[in-house]
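Pasted below: entry_12.cif, mmCIF, C-alpha atoms.
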data_final
loop_
_atom_site.label_atom_id
_atom_site.label_comp_id
_atom_site.auth_asym_id
_atom_site.auth_seq_id
_atom_site.Cartn_x
_atom_site.Cartn_y
_atom_site.Cartn_z
CA MET D 1 -90.94 -1.13 82.05
CA GLU D 2 -89.72 1.46 79.66
CA SER D 3 -85.95 1.26 79.17
CA SER D 4 -83.69 4.29 79.33
CA ALA D 5 -83.05 3.98 75.60
CA GLU D 6 -86.77 4.21 74.95
CA LYS D 7 -86.99 7.25 77.20
CA LEU D 8 -84.08 8.77 75.35
CA ARG D 9 -85.87 8.39 72.04
CA GLY D 10 -88.84 10.23 73.52
CA LEU D 11 -86.74 13.32 74.01
CA ARG D 12 -85.13 15.62 71.48
CA ILE D 13 -82.48 13.70 69.55
CA THR D 14 -80.20 15.67 67.24
CA SER D 15 -79.34 13.33 64.40
CA LEU D 16 -75.97 13.52 62.72
CA ASP D 17 -77.74 13.99 59.41
CA GLU D 18 -80.44 16.33 60.68
CA ASP D 19 -80.49 19.75 59.10
CA ASP D 20 -82.92 21.32 61.52
CA ASP D 21 -81.45 21.19 65.03
CA GLU D 22 -84.27 23.18 66.58
CA THR D 23 -86.93 20.44 66.76
CA VAL D 24 -88.52 20.40 70.21
CA VAL D 25 -90.98 17.86 71.55
CA PRO D 26 -93.42 20.11 73.45
CA HIS D 27 -94.75 17.58 75.96
CA GLN D 28 -91.32 16.60 77.26
CA PRO D 29 -89.87 18.51 80.22
CA LEU D 30 -86.79 19.69 78.36
CA PRO D 31 -84.98 19.02 75.07
CA GLY D 32 -81.59 17.48 75.62
CA PRO D 33 -79.59 15.07 73.50
CA PHE D 34 -78.23 13.17 76.48
CA ALA D 35 -81.45 13.26 78.50
CA ALA D 36 -81.98 9.72 79.75
CA ALA D 37 -83.18 8.27 83.03
CA ALA D 38 -81.45 5.23 84.47
CA ASP D 39 -83.92 2.40 84.98
CA TYR D 40 -82.78 0.63 88.13
CA GLU D 41 -85.67 -1.84 88.14
CA ASP D 42 -84.80 -3.82 85.01
CA ASP D 43 -85.06 -7.55 85.56
CA ASP D 44 -82.04 -9.84 85.50
CA GLU D 45 -82.57 -10.80 81.88
CA ASP D 46 -82.46 -7.18 80.76
CA GLU D 47 -79.36 -6.49 82.82
CA GLU D 48 -77.51 -9.27 81.05
CA GLU D 49 -78.10 -7.61 77.70
CA GLU D 50 -75.49 -5.24 76.37
CA ALA D 51 -76.31 -1.66 77.23
CA GLU D 52 -77.20 0.59 74.32
CA VAL D 53 -74.53 3.23 73.85
CA THR D 54 -75.00 6.78 72.62
CA ILE D 55 -71.97 8.27 70.92
CA GLY D 56 -71.07 11.93 70.53
CA VAL D 57 -69.39 13.53 67.54
CA LEU D 58 -68.29 17.10 67.07
CA THR D 59 -69.59 19.70 64.67
CA LYS D 60 -69.10 23.42 64.37
CA PRO D 61 -72.22 25.30 65.54
CA LYS D 62 -74.27 26.54 62.59
CA ARG D 63 -74.53 30.03 64.01
CA PRO D 64 -73.31 32.02 67.02
CA GLY D 65 -75.34 31.75 70.17
CA LEU D 66 -76.36 28.09 69.90
CA LEU D 67 -74.12 27.05 72.77
CA LEU D 68 -75.16 29.59 75.42
CA ARG D 69 -76.08 28.35 78.89
CA HIS D 70 -79.81 29.05 78.67
CA LEU D 71 -80.02 26.70 75.67
CA PHE D 72 -78.53 23.85 77.74
CA PRO D 73 -75.89 22.73 75.24
CA SER D 74 -73.59 19.75 75.07
CA LYS D 75 -70.28 21.11 73.82
CA ALA D 76 -66.52 20.63 73.74
CA GLY D 77 -63.83 23.30 73.88
CA GLY D 78 -64.27 27.04 74.15
CA ILE D 79 -65.52 28.14 77.56
CA PRO D 80 -68.07 26.37 79.76
CA ALA D 81 -71.75 27.26 79.62
CA TRP D 82 -72.19 27.07 83.37
CA LEU D 83 -75.58 25.68 84.43
CA ASP D 84 -75.52 27.53 87.75
CA PRO D 85 -73.89 30.75 86.52
CA VAL D 86 -73.35 32.24 89.97
CA ASN D 87 -71.97 29.64 92.38
CA LEU D 88 -69.00 28.48 90.32
CA PRO D 89 -66.25 26.16 91.59
CA SER D 90 -63.41 28.19 93.03
CA GLY D 91 -60.16 27.93 94.95
CA LYS D 92 -58.35 24.61 94.71
CA SER D 93 -61.34 23.05 92.94
CA SER D 94 -60.55 25.07 89.81
CA CYS D 95 -56.82 24.30 89.76
CA CYS D 96 -54.57 21.37 88.86
CA GLY D 97 -53.57 19.49 91.96
CA PHE D 98 -49.97 19.22 90.76
CA CYS D 99 -48.87 22.44 89.07
CA GLY D 100 -51.52 24.64 90.68
CA GLU D 101 -52.54 26.26 87.37
CA PRO D 102 -56.22 26.87 86.51
CA LEU D 103 -57.73 23.91 84.69
CA ARG D 104 -58.84 24.16 81.07
CA PHE D 105 -62.40 23.34 79.99
CA VAL D 106 -62.71 20.09 78.01
CA LEU D 107 -66.42 19.40 77.51
CA GLN D 108 -69.86 19.38 79.07
CA ILE D 109 -72.80 17.02 78.69
CA TYR D 110 -76.40 18.01 79.30
CA ALA D 111 -77.87 14.88 80.89
CA PRO D 112 -81.06 15.43 82.92
CA ILE D 113 -82.76 12.51 84.66
CA ASP D 114 -86.45 12.77 83.96
CA ASP D 115 -87.79 10.81 86.94
CA ASN D 116 -86.00 12.99 89.49
CA ALA D 117 -87.38 16.46 90.13
CA ALA D 118 -84.02 17.67 91.40
CA THR D 119 -82.33 16.80 88.10
CA PHE D 120 -84.73 18.45 85.67
CA HIS D 121 -81.60 20.25 84.48
CA ARG D 122 -78.34 18.35 84.91
CA THR D 123 -74.97 19.00 83.28
CA LEU D 124 -71.60 17.29 83.73
CA PHE D 125 -68.47 19.38 83.20
CA VAL D 126 -64.95 18.04 82.55
CA PHE D 127 -61.78 20.08 83.07
CA MET D 128 -58.15 19.15 82.61
CA CYS D 129 -54.63 20.51 83.00
CA PRO D 130 -53.09 20.77 79.50
CA SER D 131 -49.77 19.39 80.80
CA MET D 132 -49.05 15.73 80.05
CA ALA D 133 -46.59 15.67 82.94
CA CYS D 134 -49.49 16.41 85.29
CA LEU D 135 -51.69 13.79 83.63
CA LEU D 136 -48.99 11.17 84.16
CA ARG D 137 -48.92 11.99 87.86
CA ASP D 138 -52.74 12.02 87.93
CA GLN D 139 -52.83 8.51 86.48
CA HIS D 140 -50.81 7.24 89.45
CA GLU D 141 -52.71 9.28 92.05
CA GLN D 142 -56.11 7.89 91.03
CA TRP D 143 -55.17 4.51 92.52
CA LYS D 144 -54.86 6.22 95.92
CA HIS D 145 -58.41 7.57 95.96
CA LYS D 146 -59.54 5.01 98.55
CA HIS D 147 -56.80 6.17 100.89
CA GLY D 148 -57.56 9.87 101.12
CA ASN D 149 -58.07 12.81 98.80
CA PRO D 150 -55.46 12.54 96.03
CA CYS D 151 -54.35 15.37 93.80
CA ARG D 152 -55.97 15.36 90.35
CA SER D 153 -55.33 17.07 87.03
CA VAL D 154 -58.66 15.85 85.59
CA LYS D 155 -61.80 16.99 87.38
CA VAL D 156 -65.49 16.40 86.73
CA PHE D 157 -68.28 18.51 88.22
CA ARG D 158 -72.00 17.73 88.31
CA CYS D 159 -74.53 20.55 88.53
CA GLN D 160 -78.29 20.10 88.65
CA LEU D 161 -81.36 22.27 89.08
CA PRO D 162 -85.10 21.69 89.50
CA ARG D 163 -87.47 22.98 86.85
CA THR D 164 -88.29 26.04 88.92
CA ASN D 165 -85.07 27.85 89.69
CA ALA D 166 -83.60 31.36 89.82
CA PHE D 167 -81.71 31.13 86.55
CA TYR D 168 -84.00 29.84 83.77
CA SER D 169 -87.58 29.83 82.60
CA THR D 170 -89.74 26.83 83.42
CA GLU D 171 -90.58 26.56 79.70
CA PRO D 172 -88.32 24.86 77.12
CA PRO D 173 -86.20 27.13 74.89
CA LYS D 174 -87.97 28.32 71.74
CA HIS D 175 -84.74 28.60 69.70
CA ASP D 176 -86.11 31.65 67.91
CA GLY D 177 -83.69 34.21 69.28
CA SER D 178 -85.99 35.24 72.13
CA ASP D 179 -84.55 32.91 74.77
CA LYS D 180 -82.83 34.69 77.62
CA PRO D 181 -81.57 33.64 81.07
CA LEU D 182 -83.41 35.11 84.05
CA CYS D 183 -80.31 36.64 85.59
CA PRO D 184 -76.69 37.42 84.77
CA GLY D 185 -73.89 35.12 85.84
CA ALA D 186 -70.93 35.78 88.09
CA PRO D 187 -68.13 37.82 86.49
CA VAL D 188 -65.47 35.50 85.07
CA CYS D 189 -61.77 35.81 84.37
CA HIS D 190 -61.03 38.14 81.44
CA TRP D 191 -58.13 35.92 80.38
CA CYS D 192 -59.58 32.40 80.36
CA GLY D 193 -63.31 33.18 80.47
CA THR D 194 -63.81 30.04 82.54
CA TRP D 195 -63.41 30.55 86.27
CA LYS D 196 -64.88 33.18 88.57
CA GLY D 197 -63.04 36.52 88.47
CA ASP D 198 -62.40 36.93 92.17
CA LYS D 199 -59.34 39.14 91.64
CA ILE D 200 -59.74 42.68 90.27
CA CYS D 201 -57.14 44.83 88.51
CA SER D 202 -55.96 47.31 91.13
CA SER D 203 -55.64 50.09 88.54
CA CYS D 204 -58.72 50.10 86.32
CA LYS D 205 -60.95 48.22 88.82
CA LYS D 206 -62.72 46.56 85.88
CA ALA D 207 -60.67 43.64 84.63
CA ARG D 208 -61.20 40.45 86.63
CA TYR D 209 -59.08 37.34 86.98
CA CYS D 210 -59.23 33.89 88.48
CA SER D 211 -55.53 33.76 89.31
CA GLU D 212 -52.42 35.88 89.54
CA LYS D 213 -50.93 34.05 86.56
CA HIS D 214 -53.84 34.95 84.30
CA GLN D 215 -53.66 38.54 85.48
CA ALA D 216 -49.95 38.65 84.60
CA LEU D 217 -50.57 37.06 81.18
CA HIS D 218 -53.34 39.54 80.39
CA TRP D 219 -51.14 42.44 81.48
CA ARG D 220 -48.22 41.37 79.26
CA THR D 221 -50.41 40.75 76.22
CA GLY D 222 -52.19 44.09 76.11
CA HIS D 223 -54.02 45.00 79.27
CA LYS D 224 -51.12 47.23 80.30
CA ASN D 225 -52.17 49.66 77.55
CA ASP D 226 -55.88 48.91 77.79
CA CYS D 227 -55.81 49.62 81.50
CA LEU D 228 -54.71 53.21 80.89
CA GLN D 229 -57.56 53.69 78.41
CA LEU D 230 -60.08 52.32 80.89
CA ILE D 231 -58.82 54.66 83.60
CA SER D 232 -58.96 57.73 81.36
CA SER D 233 -62.28 56.85 79.74
CA SER D 234 -65.53 57.60 81.52
CA ASP D 235 -67.60 56.10 78.70
CA ALA D 236 -68.31 52.46 79.53
CA SER D 237 -69.33 51.83 75.92
CA LYS D 238 -65.73 52.35 74.87
CA SER D 239 -64.45 49.52 77.04
CA VAL D 240 -61.52 47.68 75.53
CA LEU D 241 -62.07 44.60 77.66
CA PRO D 242 -63.01 41.44 75.73
CA ALA D 243 -66.70 40.69 75.42
CA ILE D 244 -68.25 37.86 77.38
CA GLY D 245 -67.34 34.57 75.72
CA LYS D 246 -64.36 36.07 73.90
CA VAL D 247 -60.98 35.00 75.22
CA PRO D 248 -57.47 35.29 73.76
CA ALA D 249 -56.51 32.62 71.24
CA GLY D 250 -54.61 29.76 72.82
CA THR D 251 -56.27 30.01 76.22
CA SER D 252 -58.95 27.46 75.28
CA TRP D 253 -59.39 24.60 72.85
CA PRO D 254 -61.51 25.07 69.68
CA GLU D 255 -65.24 25.10 70.37
CA PHE D 256 -67.60 22.46 68.97
CA GLU D 257 -71.15 21.35 69.50
CA ILE D 258 -71.60 17.71 70.51
CA LYS D 259 -74.23 15.91 68.46
CA ILE D 260 -75.29 12.40 69.23
CA ASP D 261 -76.63 9.24 67.71
CA TYR D 262 -76.99 5.61 68.71
CA GLU D 263 -73.97 3.44 68.07
CA ASP D 264 -76.01 0.72 66.41
CA THR D 265 -77.12 3.12 63.66
CA PHE D 266 -73.61 2.96 62.22
CA ASP D 267 -72.79 0.13 59.83
CA SER D 268 -69.04 -0.40 59.70
CA ASP D 269 -69.38 -2.44 56.50
CA SER D 270 -70.73 0.60 54.68
CA CYS D 271 -67.63 2.66 55.50
CA ASP D 272 -64.79 2.66 53.03
CA GLU D 273 -61.29 1.74 54.19
CA THR D 274 -60.20 5.34 54.69
CA ASN D 275 -63.23 6.47 56.67
CA SER D 276 -63.36 3.38 58.85
CA LYS D 277 -59.79 3.79 60.02
CA SER D 278 -59.97 5.05 63.57
CA LEU D 279 -58.78 8.51 64.43
CA VAL D 280 -57.08 6.89 67.39
CA MET D 281 -54.38 6.05 64.84
CA GLN D 282 -54.85 9.18 62.74
CA ARG D 283 -54.53 11.92 65.34
CA HIS D 284 -51.02 12.79 64.19
CA GLY D 285 -51.83 12.38 60.48
CA LYS D 286 -50.81 8.72 60.24
CA PRO D 287 -49.57 5.95 62.57
CA ASP D 288 -46.15 7.05 63.73
CA ALA D 289 -43.14 5.01 64.78
CA MET D 290 -44.14 5.21 68.44
CA MET D 291 -47.59 3.73 67.81
CA GLN D 292 -46.25 1.06 65.46
CA SER D 293 -43.65 0.09 68.05
CA TRP D 294 -46.36 -0.22 70.65
CA MET D 295 -48.44 -2.45 68.34
CA ASP D 296 -45.43 -4.69 67.69
CA GLN D 297 -44.44 -4.82 71.35
CA PHE D 298 -47.86 -5.99 72.49
CA GLU D 299 -48.66 -8.23 69.55
CA ALA D 300 -48.65 -11.36 71.71
CA ASP D 301 -49.70 -9.65 74.92
CA ALA D 302 -53.09 -9.87 76.61
CA ASP D 303 -53.54 -6.15 75.98
CA ASN D 304 -53.51 -6.76 72.24
CA LYS D 305 -56.84 -8.58 72.28
CA CYS D 306 -58.41 -5.74 74.25
CA TRP D 307 -56.85 -3.16 71.93
CA ALA D 308 -58.12 -4.98 68.83
CA SER D 309 -61.62 -5.10 70.31
CA PHE D 310 -61.38 -1.40 71.16
CA GLN D 311 -60.30 -0.53 67.62
CA GLU D 312 -63.02 -2.64 66.04
CA ARG D 313 -65.73 -1.09 68.19
CA VAL D 314 -64.51 2.46 67.60
CA SER D 315 -64.22 1.87 63.85
CA ARG D 316 -68.02 1.64 63.62
CA ALA D 317 -68.06 5.41 64.17
CA PRO D 318 -64.47 6.65 63.79
CA MET D 319 -65.32 10.28 64.55
CA GLN D 320 -66.71 9.60 68.02
CA VAL D 321 -65.25 11.63 70.88
CA LEU D 322 -67.70 10.48 73.55
CA ARG D 323 -69.51 7.31 74.60
CA TYR D 324 -72.48 7.75 76.93
CA CYS D 325 -74.74 5.26 78.67
CA GLN D 326 -76.63 5.71 81.93
CA GLU D 327 -78.08 2.21 82.04
CA PRO D 328 -77.19 0.27 85.21
CA ASN D 329 -75.29 -2.43 83.30
CA ALA D 330 -73.16 0.06 81.34
CA LYS D 331 -69.39 -0.40 81.32
CA PRO D 332 -66.56 1.61 79.76
CA LEU D 333 -64.94 0.45 76.53
CA TRP D 334 -61.38 -0.02 77.74
CA ALA D 335 -58.50 0.23 75.29
CA LEU D 336 -56.29 -2.05 77.40
CA SER D 337 -56.87 -4.85 79.85
CA SER D 338 -54.19 -3.43 82.13
CA GLY D 339 -54.85 -0.25 84.07
CA CYS D 340 -58.59 -0.90 84.44
CA PRO D 341 -60.13 -0.19 87.85
CA SER D 342 -61.85 -2.84 89.91
CA ASN D 343 -65.07 -2.06 91.74
CA ALA D 344 -62.99 -1.48 94.86
CA ASP D 345 -60.95 1.20 93.06
CA ILE D 346 -64.03 3.36 92.44
CA PRO D 347 -64.72 5.55 95.49
CA SER D 348 -68.08 6.37 96.99
CA CYS D 349 -69.80 9.70 96.42
CA SER D 350 -67.97 12.24 98.54
CA PHE D 351 -71.28 13.94 99.41
CA CYS D 352 -73.90 11.24 100.11
CA LYS D 353 -71.45 8.30 100.45
CA GLY D 354 -73.53 6.33 97.96
CA PRO D 355 -72.03 4.33 95.07
CA LEU D 356 -70.60 5.90 91.94
CA CYS D 357 -71.56 4.36 88.58
CA TYR D 358 -70.03 4.68 85.13
CA GLU D 359 -71.83 7.24 82.95
CA PHE D 360 -69.60 8.24 80.04
CA GLN D 361 -66.09 8.17 78.63
CA ILE D 362 -63.99 10.57 76.59
CA MET D 363 -62.21 9.12 73.56
CA PRO D 364 -58.71 10.02 72.33
CA GLN D 365 -60.17 11.29 69.05
CA LEU D 366 -61.02 14.50 70.90
CA LEU D 367 -57.32 15.40 70.85
CA TYR D 368 -57.40 15.40 67.05
CA TYR D 369 -60.17 18.00 66.99
CA PHE D 370 -58.42 20.08 69.64
CA GLY D 371 -55.31 20.19 67.44
CA VAL D 372 -53.09 18.59 70.07
CA GLY D 373 -49.72 17.68 68.55
CA ASN D 374 -47.16 15.03 69.38
CA GLN D 375 -44.63 17.02 71.36
CA PRO D 376 -43.05 15.45 74.47
CA ASP D 377 -45.54 17.16 76.81
CA SER D 378 -48.60 16.96 74.56
CA LEU D 379 -51.70 15.43 76.09
CA ASP D 380 -52.48 11.84 75.20
CA TRP D 381 -54.75 9.20 76.66
CA ALA D 382 -56.38 5.90 75.75
CA THR D 383 -59.69 6.85 77.38
CA ILE D 384 -61.08 8.76 80.34
CA ALA D 385 -64.03 7.11 82.10
CA VAL D 386 -66.31 9.21 84.30
CA TYR D 387 -68.20 7.82 87.29
CA THR D 388 -71.04 9.80 88.87
CA CYS D 389 -73.26 9.45 91.92
CA GLN D 390 -75.79 6.69 91.25
CA GLY D 391 -78.53 8.66 92.97
CA SER D 392 -77.38 12.02 91.57
CA CYS D 393 -77.60 13.30 95.14
CA ASP D 394 -78.91 16.80 95.72
CA GLN D 395 -76.62 18.49 98.22
CA SER D 396 -76.08 22.13 99.10
CA VAL D 397 -72.97 22.45 96.89
CA SER D 398 -73.84 23.67 93.39
CA TYR D 399 -70.96 21.88 91.67
CA LYS D 400 -70.26 18.44 93.09
CA GLU D 401 -66.97 16.83 92.09
CA GLU D 402 -67.33 13.36 90.60
CA PHE D 403 -64.62 10.80 89.71
CA ALA D 404 -62.62 10.28 86.51
CA TRP D 405 -60.43 7.27 85.74
CA VAL D 406 -57.63 7.93 83.25
CA GLN D 407 -56.25 5.08 81.16
CA LEU D 408 -53.00 5.84 79.32
CA TYR D 409 -51.13 3.95 76.63
CA PRO D 410 -48.21 1.90 78.01
CA THR D 411 -45.75 3.85 75.88
CA THR D 412 -46.90 7.24 77.17
CA PRO D 413 -44.29 7.61 79.92
CA THR D 414 -41.47 7.01 77.44
CA ARG D 415 -42.47 10.09 75.49
CA ARG D 416 -41.20 12.41 78.17
#

Target encoding structure tokens, full file:
Amino acid sequence: MESSAEKLRGLRITSLDEDDDETVVPHQPLPGPFAAAADYEDDDEDEEEEAEVTIGVLTKPKRPGLLLRHLFPSKAGGIPAWLDPVNLPSGKSSCCGFCGEPLRFVLQIYAPIDDNAATFHRTLFVFMCPSMACLLRDQHEQWKHKHGNPCRSVKVFRCQLPRTNAFYSTEPPKHDGSDKPLCPGAPVCHWCGTWKGDKICSSCKKARYCSEKHQALHWRTGHKNDCLQLISSSDASKSVLPAIGKVPAGTSWPEFEIKIDYEDTFDSDSCDETNSKSLVMQRHGKPDAMMQSWMDQFEADADNKCWASFQERVSRAPMQVLRYCQEPNAKPLWALSSGCPSNADIPSCSFCKGPLCYEFQIMPQLLYYFGVGNQPDSLDWATIAVYTCQGSCDQSVSYKEEFAWVQLYPTTPTRR
């Protein structure tokens, strides 16, 4: 039986060294770098083999417009390219469970499953509160998931569509500038550009917001004056509201395209000493006193062996920000032996009650690209593993919340 890795190779793979990122395989249902079907019928011998991992690295898009929703991108930072552009998550789903602030977009992965008609298009979205204080609380709350509905500051949503749907053509994108979505999306917040703009400015009746805080921020940073212009102007072409996809600096992380390759294509021996040094240690420019203290503290600890293995594996491709594998025997690459979930710690799908399985993990190198510093409340993590519904159930809800497990460094709480 054809393995998921073989199926993956049959789809459009964007190589790290490929200059032309517009190659499309016509006979496949849809180009997508993370398009891979899980093969649940592998025999026992195959399941004992180590799963083949696809890693994601970041690159700046070569030109504007490559990361729009109708091109089904995998991307990090910026604003989400919602797959279902109308029925967006809203209410408490879009907010941190601790501070109540709207969550910030982290990344999305386009990962259709080609033997399931309901998942012809399938994208996973990750959001996070930018407060480390909330992430610390989240890390404790995740252990309580089997005992109710805990608060979370990291949320993952799965959205999927059949080939024939109200939003996109049944044909693959041509990537020639002619691709267009079939309908406009829901109006989004003019401040963050992420969540649905359910609230409307009571004066100009044009600016939209996802929360009162974002409305207040927009008002203080310029909309107070812009609002008067909008009221006095009858010419819609002279609107001073930001264009779609344009949000104020600082309200989102820098935007990148995620490109992928197989982990085994990287030869760590061919990397020089500088390039092979993991960005896990380089995020703040060089290993700082805190990290060195941690290394010394756990030199003889059981975690040290796991950490060394983590570092060695990551050093094969130091720039990786994502590890993806949808094979049934896939497991996360944990940085530490402590703080790992058991099978009993992973909840069932909240929609179909079926099992959740590991699908991908976010690496700490992403913080380097996002320009996150080393202040007391700066985000930091060892890894974030994402578990999704094994059957990718097709329920009435457009965005189904999945489960994320956050693993932090032992020293993280002392930074506060």

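Around D:Phe360, within 8 Å and counting all atoms listed in the file, the residues found are D:Leu322, D:Arg323, D:Tyr324, D:Cys325, D:Gln326, D:Pro332, D:Tyr358, D:Ile362, D:Ala385, D:Val386, D:Tyr387, once anything fewer than 2 positions away on its own chain is removed.
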
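For the choices D:Tyr262, D:Phe120, D:Trp405, D:Trp195, the atom-to-atom distance to D:Thr383 is smallest for D:Trp405 when using all atoms listed in the file.
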
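Minimum atom-to-atom distance to D:Gly339, evaluated using only C-alpha atoms, belongs to D:Cys306 out of D:Val188, D:Leu356, D:Cys306, D:Cys204.
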
Please identify every residue of stretch 97-211 of chain D that has at least one atom no farther than 10 Å from an atom of stretch 51-65 of chain D, counting all atoms listed in the file, and for each give the shortest atom pair and the distance in Å to one decimal, arranged by chain then increasing number, as JSON lines.
{"residue": "D:Ile109", "atom": "CA", "partner": "D:Gly56", "partner_atom": "CA", "distance": 9.8}
{"residue": "D:His175", "atom": "CA", "partner": "D:Gly65", "partner_atom": "CA", "distance": 9.9}
{"residue": "D:Gly177", "atom": "CA", "partner": "D:Gly65", "partner_atom": "CA", "distance": 8.8}

Distance query D:Leu88 at most 9 Å, only C-alpha atoms, self and fewer than 4 positions along chain excluded, as a ChimeraX atom specification: /D:82,84,186,195-196,398-399

Distance of atom CA of D:Thr194 from atom CA of D:Phe127, expressed in Å to one decimal place: 10.2 Å
